[in-house]
Amino acid sequence: MLKFFRDQKNSWLMKGILILTALSFVSLFRLSGLEQIPDEGKAIATVAGKKITVAQYVNEINQKIKSISKMTQRPFTVKDAVEAGMLLPQLNQMISRAVMESAVDHLKLIVPDESVREIVKNMPMFSDADGSFSLTAYRKYLSDMGLSEKRFIDDTFLDMRTQQLISAAGTLAVVPKETAETEYSLQNEKRIADVFTITPSKLKIAGKPTAEEKDLLYKDMAEELTAPEYRSFTVMYLKLEDVSKKISISEEELLEAFNENKDSYTIEEIRDVDQMLFTSQEEAEQAYAALQKGQKFMDVAKKFARQTEDQTKLGDITPSTATGDWADIVFTAQKGEVIAPVQTAFGWQILRVNAITPKIEKQFKEVREEIEQKLIASMAFDTLSETATELDDRFGAGETIEEVAQSTGFPVKKFTMVDPAGLDENGKTAAVPKNVLETAFLLDAGKESPMIEDGSGFFVLRVDDIRDPAVKPIEKVQKEIQAAWLADKQREKTKEIAREIEESLKKGIAPKTISKKTGIPYQRLKDLTRRSTQLPAGIIYRLFNQPVNTIISQSSSPEYIVAKAVSITPAPVGKDSIGVAEIRRQMQDQMAKDKADVILADFAVYLKMKINENTAQKAFSYLTKSVQETEEEE
């Protein structure tokens, strides 16, 4: 769909997006305390009187999540969607669609049904190996994307009508031939350049730093040689596994849980289905009559539908993956039954049920262990929370971590001198969990934290000692000083060599001779353009914006480059009329899209687009709350 949000900095839409962006940062991590979708019938946004409700938005997010899970073949959750920043873009997309629908309706842009049908049939993703339309691929796509057939066709209609708007805007987009020729010249002009590449770290430096140089560097590097704050602390953990082992559940309770959740232990019925597709009812009826007379299904498919055997195979379908008007009929048919022609969005279909795999309901003994694990996990969390509250009271009464740990058997761990990055004094990781480390650097020495939940349990922490930041003794940073001295000397030598190369080039000495004398690698780069990537962008820019034979020197970490353009090959404007025409077309297409953006932005104002900030905030908070509740359940 058209992204008309771009460059509308002062429009209603950008103001709305800025408001929603702010809301997303404020509300994404706030608990709303609501059990159901808040104000599900209220409008997050309104376009031409048409509402985008909270329920519609949440359903759109959930559909997107299911689609991603199917396409990636791995779990994708609401939490993943929140962390990927999907909430706001999805809302923007829904608003964009609503504005486009109203705009093209207002302009009375029409697309014939047959045109849409042909467009879909010719989409590469729905093609067989021979290029023919595959209904199987089409159905699988709808299933993977979580789309109904109606929604997909509606979206295709909208895309085609929007393209009409862009095309209409294109009639106003005029790019003079001279402008296109200028752009072509800029893009296709070529230059040849001599390039020397100096790598400072490879330059050999004789000698060692003097004591005076070391002292001076030590003073200059005081900030980077300062050791961070270190802390020692003691942690007691209270984990789910500590209480899970003590929980037992009776057979009666397990059986009751099984009976309450039987649906989740059921495998859907599977049907293997073949199909034929026809453009007219008359063709479908002729084929069906042939089948009724006893002709074989594949023979009829080849003769009347002109389909190969692969094209007739819909494969295995279930009630939840079946789409289209024929789904209910298929699941009431008998094995081997041929279903009379059914009309769909793409014409008329004849279907045959080849095989039926009955629905499977798992027995209690098959899932007993799974149910037991789930119930224990649920009960363990409640027990864990109660235990944490009891222990908090004991700490409040003055008991130490060691005393409580001794009486309960909960594990205790001591960490000695750890910095904010979780490293010990030797620079090795101390393996401190992030939330534990953050808590350790919030407390004063000798202070204990309350019991803190960390997702998999609780912990309590006491800071035992604090060492303030201090500059490391000079004898412990000799390697750092030596490395800094060497880097300084290499930079100085790099500049000397670069000046020598520059002076030699100015005198007209051959690059190969300069390279042999200085030991610096040299190469002549041909056919450079403004889009070339052989050199850093800054060097390319200067090579194409300076006269030929201008010497350019620039540091481009970790290297230093000296370059000189030695010749120019102008773009063949007069000889490449096709290339110029393509550039002109690209410029006109972009101009047309920009003009369409402006038209749609104006329509948004005309259609009285409104965003309800409070309702949007509740929708964001609801989705975030579901993430937090999922984490708690885990």
# chains A, B, ... in the order shown; residues from 1 in each chain; ligands from 1

call {"tool": "select_by_dssp", "arguments": {"residues": "segment 219-351 of chain A", "states": "strand (DSSP E or B)", "output": "JSON, numbers by chain"}}
result
{"A": [226, 227, 230, 231, 232, 233, 234, 235, 236, 237, 238, 239, 266, 267, 270, 271, 272, 273, 274, 275, 276, 277, 278, 313, 314, 315, 316, 317, 338, 339, 340, 341, 342, 343, 344, 347, 348, 349, 350, 351]}

call {"tool": "residues_around", "arguments": {"residues": "segment 501-508 of chain A", "least_positions_apart": "3", "cutoff": "8 Å", "atoms": "only C-alpha atoms", "output": "VMD selection string"}}
result
chain A and resid 497 to 498 511 514 518 551 562

call {"tool": "closest_residue", "arguments": {"among": "A:Ala327, A:Val412, A:Ile611, A:Ala284", "to": "Glu149 of chain A", "atoms": "only C-alpha atoms"}}
result
A:Ala327

call {"tool": "select_by_dssp", "arguments": {"residues": "segment 306-418 of chain A", "states": "helix (DSSP H, G or I)", "output": "MDAnalysis selection string"}}
result
chainID A and resid 309:312 327:330 364:396 401:408

call {"tool": "write_last_selection", "arguments": {"atoms": "C-alpha atoms", "output": "tab-separated table (two decimals), in the first residue's frame"}}
result
chain	number	residue	atom	x	y	z
A	309	GLU	CA	-2.25	-34.17	-11.76
A	310	ASP	CA	-0.25	-31.86	-9.49
A	311	GLN	CA	-2.64	-29.00	-10.16
A	312	THR	CA	-5.61	-31.04	-8.94
A	327	ALA	CA	-15.05	-25.67	3.30
A	328	ASP	CA	-18.29	-26.73	5.04
A	329	ILE	CA	-19.32	-28.91	2.08
A	330	VAL	CA	-16.00	-30.74	2.03
A	364	PHE	CA	-5.97	-39.20	29.99
A	365	LYS	CA	-3.06	-41.62	30.38
A	366	GLU	CA	-1.36	-40.12	27.30
A	367	VAL	CA	-1.30	-36.59	28.68
A	368	ARG	CA	-1.25	-37.26	32.43
A	369	GLU	CA	2.41	-36.30	32.85
A	370	GLU	CA	1.98	-33.11	30.82
A	371	ILE	CA	-1.04	-32.06	32.92
A	372	GLU	CA	0.82	-32.81	36.13
A	373	GLN	CA	3.79	-30.65	35.08
A	374	LYS	CA	1.52	-27.74	34.17
A	375	LEU	CA	-0.43	-27.91	37.44
A	376	ILE	CA	2.75	-28.15	39.49
A	377	ALA	CA	4.18	-25.14	37.70
A	378	SER	CA	1.01	-23.15	38.41
A	379	MET	CA	0.85	-24.19	42.06
A	380	ALA	CA	4.59	-23.68	42.48
A	381	PHE	CA	4.30	-20.05	41.50
A	382	ASP	CA	1.56	-19.42	44.08
A	383	THR	CA	3.60	-21.23	46.73
A	384	LEU	CA	6.68	-19.30	45.66
A	385	SER	CA	4.90	-15.95	46.07
A	386	GLU	CA	3.59	-16.91	49.53
A	387	THR	CA	7.06	-18.06	50.62
A	388	ALA	CA	8.63	-14.84	49.36
A	389	THR	CA	6.17	-12.80	51.44
A	390	GLU	CA	6.95	-14.88	54.54
A	391	LEU	CA	10.70	-14.45	54.03
A	392	ASP	CA	10.27	-10.69	53.52
A	393	ASP	CA	8.67	-10.55	56.96
A	394	ARG	CA	11.61	-12.42	58.47
A	395	PHE	CA	14.11	-10.03	56.90
A	396	GLY	CA	12.02	-7.13	58.14
A	401	ILE	CA	20.40	-13.67	54.62
A	402	GLU	CA	22.68	-16.33	56.10
A	403	GLU	CA	20.27	-17.10	58.97
A	404	VAL	CA	17.24	-17.44	56.69
A	405	ALA	CA	19.19	-19.55	54.17
A	406	GLN	CA	20.39	-21.90	56.89
A	407	SER	CA	16.86	-22.54	58.17
A	408	THR	CA	15.22	-22.90	54.73

call {"tool": "residues_around", "arguments": {"residues": "Ile44 of chain A", "least_positions_apart": "6", "cutoff": "7 Å", "atoms": "only C-alpha atoms", "output": "PyMOL selection string"}}
result
chain A and resi 52-54+611-612+615-616

call {"tool": "write_last_selection", "arguments": {"atoms": "N, CA and C atoms", "output": "PDB file, in the first residue's frame"}}
result
ATOM      1  N   ILE A  52     -11.906   2.703  13.467  1.00  0.00           N
ATOM      2  CA  ILE A  52     -10.936   1.620  13.678  1.00  0.00           C
ATOM      3  C   ILE A  52     -10.970   1.364  15.171  1.00  0.00           C
ATOM      4  N   THR A  53     -11.632   0.288  15.596  1.00  0.00           N
ATOM      5  CA  THR A  53     -11.858   0.051  17.023  1.00  0.00           C
ATOM      6  C   THR A  53     -10.679  -0.658  17.681  1.00  0.00           C
ATOM      7  N   VAL A  54     -10.705  -0.643  18.998  1.00  0.00           N
ATOM      8  CA  VAL A  54      -9.663  -1.334  19.773  1.00  0.00           C
ATOM      9  C   VAL A  54      -9.673  -2.824  19.436  1.00  0.00           C
ATOM     10  N   ILE A 611      -7.558  10.892  15.784  1.00  0.00           N
ATOM     11  CA  ILE A 611      -6.919   9.845  16.575  1.00  0.00           C
ATOM     12  C   ILE A 611      -7.287  10.056  18.033  1.00  0.00           C
ATOM     13  N   ASN A 612      -7.817   9.020  18.683  1.00  0.00           N
ATOM     14  CA  ASN A 612      -8.168   9.083  20.107  1.00  0.00           C
ATOM     15  C   ASN A 612      -6.983   8.585  20.920  1.00  0.00           C
ATOM     16  N   THR A 615      -7.696   6.165  23.989  1.00  0.00           N
ATOM     17  CA  THR A 615      -8.086   4.812  23.567  1.00  0.00           C
ATOM     18  C   THR A 615      -6.880   4.052  23.021  1.00  0.00           C
ATOM     19  N   ALA A 616      -6.035   4.728  22.253  1.00  0.00           N
ATOM     20  CA  ALA A 616      -4.821   4.087  21.739  1.00  0.00           C
ATOM     21  C   ALA A 616      -3.930   3.642  22.883  1.00  0.00           C
TER      22      ALA A 616
END

call {"tool": "atom_distance", "arguments": {"atom1": "atom CA of Phe157 of chain A", "atom2": "atom CA of Arg139 of chain A"}}
result
18.4 Å

call {"tool": "residues_around", "arguments": {"residues": "segment 527-539 of chain A", "least_positions_apart": "6", "cutoff": "7 Å", "atoms": "only C-alpha atoms", "output": "mmCIF file with N, CA and C atoms, in the first residue's frame"}}
result
data_model
loop_
_atom_site.group_PDB
_atom_site.id
_atom_site.type_symbol
_atom_site.label_atom_id
_atom_site.label_comp_id
_atom_site.auth_asym_id
_atom_site.auth_seq_id
_atom_site.Cartn_x
_atom_site.Cartn_y
_atom_site.Cartn_z
ATOM 1 N N GLN A 187 25.155 10.359 -12.635
ATOM 2 C CA GLN A 187 25.205 8.976 -12.162
ATOM 3 C C GLN A 187 26.201 8.118 -12.936
ATOM 4 N N ASN A 188 26.429 8.439 -14.206
ATOM 5 C CA ASN A 188 27.211 7.545 -15.058
ATOM 6 C C ASN A 188 28.577 8.087 -15.488
ATOM 7 N N GLU A 189 28.928 9.284 -15.031
ATOM 8 C CA GLU A 189 30.288 9.770 -15.284
ATOM 9 C C GLU A 189 31.280 8.834 -14.579
ATOM 10 N N LYS A 190 32.390 8.518 -15.218
ATOM 11 C CA LYS A 190 33.386 7.608 -14.652
ATOM 12 C C LYS A 190 34.726 8.320 -14.492
ATOM 13 N N ARG A 191 35.449 7.896 -13.455
ATOM 14 C CA ARG A 191 36.786 8.463 -13.230
ATOM 15 C C ARG A 191 37.775 7.337 -12.934
ATOM 16 N N ILE A 192 39.017 7.601 -13.300
ATOM 17 C CA ILE A 192 40.124 6.701 -12.958
ATOM 18 C C ILE A 192 40.947 7.394 -11.880
#

call {"tool": "closest_atom_pairs", "arguments": {"of": "segment 178-258 of chain A", "to": "segment 580-591 of chain A", "cutoff": "12 Å", "atoms": "only C-alpha atoms", "output": "tab-separated table"}}
result
residue	atom	partner	partner_atom	distance
A:Glu178	CA	A:Arg584	CA	9.5
A:Thr179	CA	A:Arg584	CA	8.1
A:Ala180	CA	A:Arg584	CA	5.0
A:Glu181	CA	A:Val580	CA	6.0
A:Thr182	CA	A:Val580	CA	9.2
A:Glu183	CA	A:Ile583	CA	7.5
A:Tyr184	CA	A:Val580	CA	6.0
A:Ser185	CA	A:Val580	CA	8.9
A:Leu186	CA	A:Ile583	CA	11.2
A:Gln187	CA	A:Ile583	CA	9.6
A:Asn188	CA	A:Val580	CA	10.2

call {"tool": "write_last_selection", "arguments": {"atoms": "N, CA and C atoms", "output": "mmCIF file, in the first residue's frame"}}
result
data_model
loop_
_atom_site.group_PDB
_atom_site.id
_atom_site.type_symbol
_atom_site.label_atom_id
_atom_site.label_comp_id
_atom_site.auth_asym_id
_atom_site.auth_seq_id
_atom_site.Cartn_x
_atom_site.Cartn_y
_atom_site.Cartn_z
ATOM 1 N N GLU A 178 16.035 17.429 -20.328
ATOM 2 C CA GLU A 178 17.326 18.000 -19.932
ATOM 3 C C GLU A 178 17.667 17.623 -18.482
ATOM 4 N N THR A 179 16.622 17.618 -17.614
ATOM 5 C CA THR A 179 16.840 17.255 -16.208
ATOM 6 C C THR A 179 17.278 15.801 -16.099
ATOM 7 N N ALA A 180 16.619 14.930 -16.844
ATOM 8 C CA ALA A 180 16.988 13.519 -16.825
ATOM 9 C C ALA A 180 18.398 13.315 -17.358
ATOM 10 N N GLU A 181 18.765 14.074 -18.410
ATOM 11 C CA GLU A 181 20.115 13.952 -18.963
ATOM 12 C C GLU A 181 21.168 14.394 -17.956
ATOM 13 N N THR A 182 20.849 15.449 -17.202
ATOM 14 C CA THR A 182 21.790 15.917 -16.172
ATOM 15 C C THR A 182 21.972 14.851 -15.095
ATOM 16 N N GLU A 183 20.855 14.257 -14.660
ATOM 17 C CA GLU A 183 20.926 13.211 -13.638
ATOM 18 C C GLU A 183 21.688 11.998 -14.177
ATOM 19 N N TYR A 184 21.444 11.649 -15.430
ATOM 20 C CA TYR A 184 22.155 10.523 -16.059
ATOM 21 C C TYR A 184 23.652 10.797 -16.094
ATOM 22 N N SER A 185 24.017 12.028 -16.443
ATOM 23 C CA SER A 185 25.437 12.395 -16.512
ATOM 24 C C SER A 185 26.101 12.259 -15.157
ATOM 25 N N LEU A 186 25.405 12.716 -14.127
ATOM 26 C CA LEU A 186 25.976 12.637 -12.772
ATOM 27 C C LEU A 186 26.154 11.193 -12.333
ATOM 28 N N GLN A 187 25.155 10.359 -12.635
ATOM 29 C CA GLN A 187 25.205 8.976 -12.162
ATOM 30 C C GLN A 187 26.201 8.118 -12.936
ATOM 31 N N ASN A 188 26.429 8.439 -14.206
ATOM 32 C CA ASN A 188 27.211 7.545 -15.058
ATOM 33 C C ASN A 188 28.577 8.087 -15.488
#

call {"tool": "residues_around", "arguments": {"residues": "Thr162 of chain A", "least_positions_apart": "4", "cutoff": "10 Å", "atoms": "only C-alpha atoms", "output": "count of residues only"}}
result
14

call {"tool": "closest_residue", "arguments": {"among": "A:Thr321, A:Gln63, A:Lys313, A:Asn259", "to": "Ser143 of chain A", "atoms": "only C-alpha atoms"}}
result
A:Thr321

call {"tool": "closest_residue", "arguments": {"among": "A:Glu475, A:Asp465, A:Glu613, A:Glu480", "to": "Ser232 of chain A", "atoms": "only C-alpha atoms"}}
result
A:Asp465

call {"tool": "closest_residue", "arguments": {"among": "A:Leu486, A:Ile520, A:Met236, A:Ile270", "to": "Ile452 of chain A", "atoms": "only C-alpha atoms"}}
result
A:Met236

call {"tool": "residues_around", "arguments": {"residues": "segment 55-58 of chain A", "least_positions_apart": "5", "cutoff": "12 Å", "atoms": "only C-alpha atoms", "output": "ChimeraX atom specification"}}
result
/A:36-45,63-65,78,81,86-95,615-616,618-624,626

call {"tool": "closest_residue", "arguments": {"among": "A:Asp272, A:Asp159, A:Asp144, A:Glu229", "to": "Asp424 of chain A", "atoms": "only C-alpha atoms"}}
result
A:Glu229

call {"tool": "closest_residue", "arguments": {"among": "A:Asp464, A:Glu253, A:Glu223, A:Asp454", "to": "Met417 of chain A", "atoms": "only C-alpha atoms"}}
result
A:Asp464

call {"tool": "atom_distance", "arguments": {"atom1": "atom CA of Ser201 of chain A", "atom2": "atom CA of Arg524 of chain A"}}
result
23.2 Å

call {"tool": "atom_distance", "arguments": {"atom1": "atom CA of Arg231 of chain A", "atom2": "atom CA of Asn426 of chain A"}}
result
14.0 Å
